[in-house]
Structure formats: C-alpha cells, structure tokens
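Just below is one structure, and these are the notes that go with it.
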Amino acid sequence: MRKKVIAGNWKMNNDLSESQNLISKLISGLSNEKVNCDVIVCPPFTSLSEANSLLKKSIIKLGAQNMYFEESGAFTGEISASMLKNTGCEYVILGHSERRTIFGETDQVINKKIKKALQSNLLPIFCVGESLQERESEVTNDIIKRQITEGLKNISSAEMQKIIIAYEPVWAIGTGKTASPQQAEDVHAFIRGLVKSLYSNEIAEGLVIQYGGSVKPDNAKELLSQKDIDGALVGGACLKSESFIEIIKAA
Ligand code: PGA
C-alpha cells in the first residue's frame, strides 16, 4: 500500500510573519488529528529557514518550490540544491507548469534539476501536465509521455524510487476547474504504466503520483479514492490552514 502524500505549494504568497502564522495554525490544527499521510509544505525561499525552525518537532516536512541545477557561482537570483538542503528542505517541486510556461523551463532543464536534486539528497516532486489546447487536441498522453521520458532521462532505478510525480493538468491549476476523478485516474494509470515500461513493475507500484489542480476540501476525498491517485499537490487551498487540514483529513 502506498502512503498518501499531501503537499502544499504556497507559490509567491506569505511574507515571514504570514508564514509563521500559517505554520503555527497547521501545527496546532493537526495536533489532535490522526494523520495517516505524509504532509509537506513548500513556502517561498524567504520563509524556509523560519519554517524549518517552527516545524522541527512536527510531522510536517519542508519543501521548496524550485532550485537551479548548478552547484554555485555566477547565477544571479538563483538558489542551489545544497542551499535548500542546508535550510532543512527534504523536498523540492520541479517542473511546475508555472515554471515551464512563465519562466520557459524546458524538459531538458527540468531533467538537470531532477538529477542535481537527487545528488544533493533532495526528493523531487516532479510536475507534469497538459494544457487545455493539448487536451482538446487529444494529445494529453503524448505530452505526458514526452515530459516524463525527457524529465527522467538517465535517472537510475535507485533514484527513481525517490521521486514523486505530480500530475497537474494546466487547465485545472488555479482555475477552480478540477479534472474529474475519472479523467485524473486515466492519466495517473497511464503514468504508472509508462514508469513500469521505463523501469519495472515494482518501481511503478511503489511510485507516489499526486494530483494537482484546484484540489479543495469538497473534491479531495473522491480524487484521493481513485486507485492510482496517491496524494495531492495543493495550491490555493493550502493557504488557509482550515482547508489544507480538511484535505489532509480526506487522505
Ligand atoms: P491550485 O494549484 O490548487 O491553486 O490549482 C495547484 C498547483 O499549482 O500546484
């Protein structure tokens, strides 16, 4: 049985005191709950260090939203994997559709980032997903296949066991439009089959595949009860402790 993993992607939200506030509320809100899943929060870089101190004795794990693939040097504005590790991060979101579309990240860049994260002992949450136009043109599986095969190029079986894949249809992110449980399940099953063909049945069966895109307390349970949906990557609904906790409870 795969353990479910619920991650909150804060995106470019919450300054230091807002971050302290949200984390304190999450810690106290979860203290009386029996949590059966892994919980990760991914605040902006400027709040990571403080979040790490606050989360020290909690079950909540820390992740970052991005990183660069070089070790160090003249890369103005970038953050390295070892800096994230040093700040207490265990996870890093890579290949988010906002990074791909707004910041022009290619499959090749994302592949380098995944490799670097793994070398640095950070666990990647590797995001893939099709646009609305791609879904309407019925090329969803082709797009997912390309993103996954390119993104995972030269990643070994041992490394693959450390990766979470997040399926996030771009048309469902921040739009209030969720993929139906069946639409999501179809792509999740396709991803698992693809990973089986690239690696092995054992690796595919152990792989955690999160769904992301307008996950809310009222749709989480149905999505999370699909056979191949092993968690959620939550944007908007993770910014309020009440709704994020409801989603954690649904898992
Ligand atoms: P959303 O974002 O939940 O606000 O749709 C999800 C994500 O981008 O990870």
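Within each chain, counting starts at residue 1; across the structure tokens, chains are named A, B, ... in the order shown, with ligands numbered 1 upward in that order.
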
Exercise. Mind checking which residues fall within 6 Å of stretch 85-89 of chain A, counting only C-alpha atoms, ignoring those fewer than 6 positions away in the same chain, and posting them as a PyMOL selection string?
Key: chain A and resi 49+52+62-63

Select the residues contacting ligand 1 at a distance of at most 10 Å, based on only C-alpha atoms and all ligand atoms, then format the selection as a tab-separated table (two decimals) with C-alpha atoms, in the first residue's frame.
chain	number	residue	atom	x	y	z
A	7	ALA	CA	1.90	18.80	-0.31
A	8	GLY	CA	1.07	22.49	-0.13
A	9	ASN	CA	2.60	24.73	-2.79
A	10	TRP	CA	2.40	28.23	-1.34
A	11	LYS	CA	3.68	29.80	-4.58
A	65	GLN	CA	9.27	25.37	-4.93
A	93	ILE	CA	8.98	20.91	-6.52
A	96	HIS	CA	5.79	23.12	-12.17
A	97	SER	CA	3.72	24.35	-15.10
A	98	GLU	CA	4.22	27.95	-13.97
A	127	CYS	CA	5.30	18.01	-12.12
A	166	ALA	CA	2.60	15.23	-9.65
A	167	TYR	CA	0.07	15.20	-12.47
A	168	GLU	CA	-1.27	18.73	-12.80
A	169	PRO	CA	-3.40	19.48	-15.85
A	170	VAL	CA	-2.54	23.11	-16.60
A	171	TRP	CA	-6.20	23.98	-17.29
A	172	ALA	CA	-7.10	22.92	-13.75
A	173	ILE	CA	-4.47	24.97	-11.91
A	174	GLY	CA	-5.90	27.94	-10.08
A	175	THR	CA	-8.98	27.91	-12.29
A	176	GLY	CA	-11.46	26.18	-10.00
A	177	LYS	CA	-11.88	23.56	-12.76
A	178	THR	CA	-10.80	20.18	-11.41
A	210	GLN	CA	-0.08	13.17	-6.76
A	211	TYR	CA	-2.91	15.01	-8.46
A	212	GLY	CA	-2.84	18.80	-8.54
A	213	GLY	CA	-5.21	21.40	-9.94
A	214	SER	CA	-7.95	23.04	-7.86
A	215	VAL	CA	-7.91	20.38	-5.14
A	216	LYS	CA	-10.32	21.56	-2.44
A	232	ALA	CA	-2.37	15.93	-3.82
A	233	LEU	CA	-0.27	18.94	-4.67
A	234	VAL	CA	-2.41	21.79	-3.41
A	235	GLY	CA	-2.08	25.45	-4.35
A	236	GLY	CA	-4.87	27.87	-3.43
A	237	ALA	CA	-6.47	25.67	-0.77
A	238	CYS	CA	-3.19	25.26	1.17
A	239	LEU	CA	-3.03	28.96	2.02

Quiz item: Looking only at the backbone, which of the residues in stretch 141-171 of chain A does DSSP tag as strand (DSSP E or B), as a ChimeraX atom specification?
Solution: /A:164-167

Exercise. Within 10 Å of stretch 183-193 of chain A, counting only C-alpha atoms, which residues show up once you throw out same-chain ones fewer than 3 positions away? Write them as a PyMOL selection string, please.
Key: chain A and resi 128-129+140-141+144-145+148+165-169+178-180+196-201+203-212+223-230

Write the selection just made, keeping C-alpha atoms, as a PDB file, in the first residue's frame?
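The resulting result06.pdb:
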ATOM      1  CA  VAL A 128       3.820  17.171 -15.499  1.00  0.00           C
ATOM      2  CA  GLY A 129       0.585  18.149 -17.197  1.00  0.00           C
ATOM      3  CA  THR A 140      -2.607  14.506 -23.445  1.00  0.00           C
ATOM      4  CA  ASN A 141      -0.870  11.135 -23.250  1.00  0.00           C
ATOM      5  CA  ILE A 144       2.791  13.425 -20.567  1.00  0.00           C
ATOM      6  CA  LYS A 145       4.948  10.755 -22.186  1.00  0.00           C
ATOM      7  CA  ILE A 148       8.224  12.077 -18.304  1.00  0.00           C
ATOM      8  CA  ILE A 165       5.352  12.611  -9.773  1.00  0.00           C
ATOM      9  CA  ALA A 166       2.595  15.234  -9.646  1.00  0.00           C
ATOM     10  CA  TYR A 167       0.066  15.197 -12.474  1.00  0.00           C
ATOM     11  CA  GLU A 168      -1.273  18.725 -12.800  1.00  0.00           C
ATOM     12  CA  PRO A 169      -3.404  19.485 -15.846  1.00  0.00           C
ATOM     13  CA  THR A 178     -10.804  20.184 -11.414  1.00  0.00           C
ATOM     14  CA  ALA A 179     -10.202  17.179 -13.590  1.00  0.00           C
ATOM     15  CA  SER A 180     -12.968  14.703 -12.891  1.00  0.00           C
ATOM     16  CA  LYS A 196       6.576   0.421 -15.486  1.00  0.00           C
ATOM     17  CA  SER A 197       7.793   0.287 -19.091  1.00  0.00           C
ATOM     18  CA  LEU A 198      10.722   2.631 -18.363  1.00  0.00           C
ATOM     19  CA  TYR A 199      11.726   0.951 -15.066  1.00  0.00           C
ATOM     20  CA  SER A 200       9.906  -2.024 -13.553  1.00  0.00           C
ATOM     21  CA  ASN A 201       6.605  -3.148 -12.135  1.00  0.00           C
ATOM     22  CA  ILE A 203       9.094   0.759  -9.122  1.00  0.00           C
ATOM     23  CA  ALA A 204       5.817   1.683 -10.818  1.00  0.00           C
ATOM     24  CA  GLU A 205       3.778   0.162  -7.997  1.00  0.00           C
ATOM     25  CA  GLY A 206       5.792   1.989  -5.363  1.00  0.00           C
ATOM     26  CA  LEU A 207       5.615   5.349  -7.159  1.00  0.00           C
ATOM     27  CA  VAL A 208       3.586   8.090  -5.482  1.00  0.00           C
ATOM     28  CA  ILE A 209       1.595  10.030  -8.090  1.00  0.00           C
ATOM     29  CA  GLN A 210      -0.075  13.165  -6.757  1.00  0.00           C
ATOM     30  CA  TYR A 211      -2.906  15.006  -8.457  1.00  0.00           C
ATOM     31  CA  GLY A 212      -2.843  18.796  -8.540  1.00  0.00           C
ATOM     32  CA  LEU A 223      -9.996  12.265  -6.122  1.00  0.00           C
ATOM     33  CA  LEU A 224      -7.917  10.571  -3.428  1.00  0.00           C
ATOM     34  CA  SER A 225     -10.047   7.447  -3.501  1.00  0.00           C
ATOM     35  CA  GLN A 226      -9.015   6.662  -7.090  1.00  0.00           C
ATOM     36  CA  LYS A 227      -6.747   3.654  -7.385  1.00  0.00           C
ATOM     37  CA  ASP A 228      -3.741   5.479  -8.834  1.00  0.00           C
ATOM     38  CA  ILE A 229      -4.080   8.831  -7.069  1.00  0.00           C
ATOM     39  CA  ASP A 230      -1.688   8.790  -4.143  1.00  0.00           C
TER      40      ASP A 230
END

Practice problem: For stretch 12-25 of chain A, please output as a PyMOL selection string all residues within 12 Å (counting only C-alpha atoms; exclusion window: fewer than 6 positions along the same chain). | Solution: chain A and resi 31+40-62+64-66+98+235-236+238-245

Practice problem: Considering only C-alpha atoms, return as a ChimeraX atom specification whatever protein or nucleic-acid residues lie within 7 Å of A:Ala81, sequence-local ones (same chain, fewer than 4 positions apart) excluded. | Solution: /A:67-68,85,116-117,120

Self-check item: All alpha helix (DSSP H) positions in stretch 26-250 of chain A, as a ChimeraX atom specification
Solution: /A:26-30,45-55,81-86,97-102,107-119,132-136,140-151,157-160,181-198,201-206,217-224,241-250
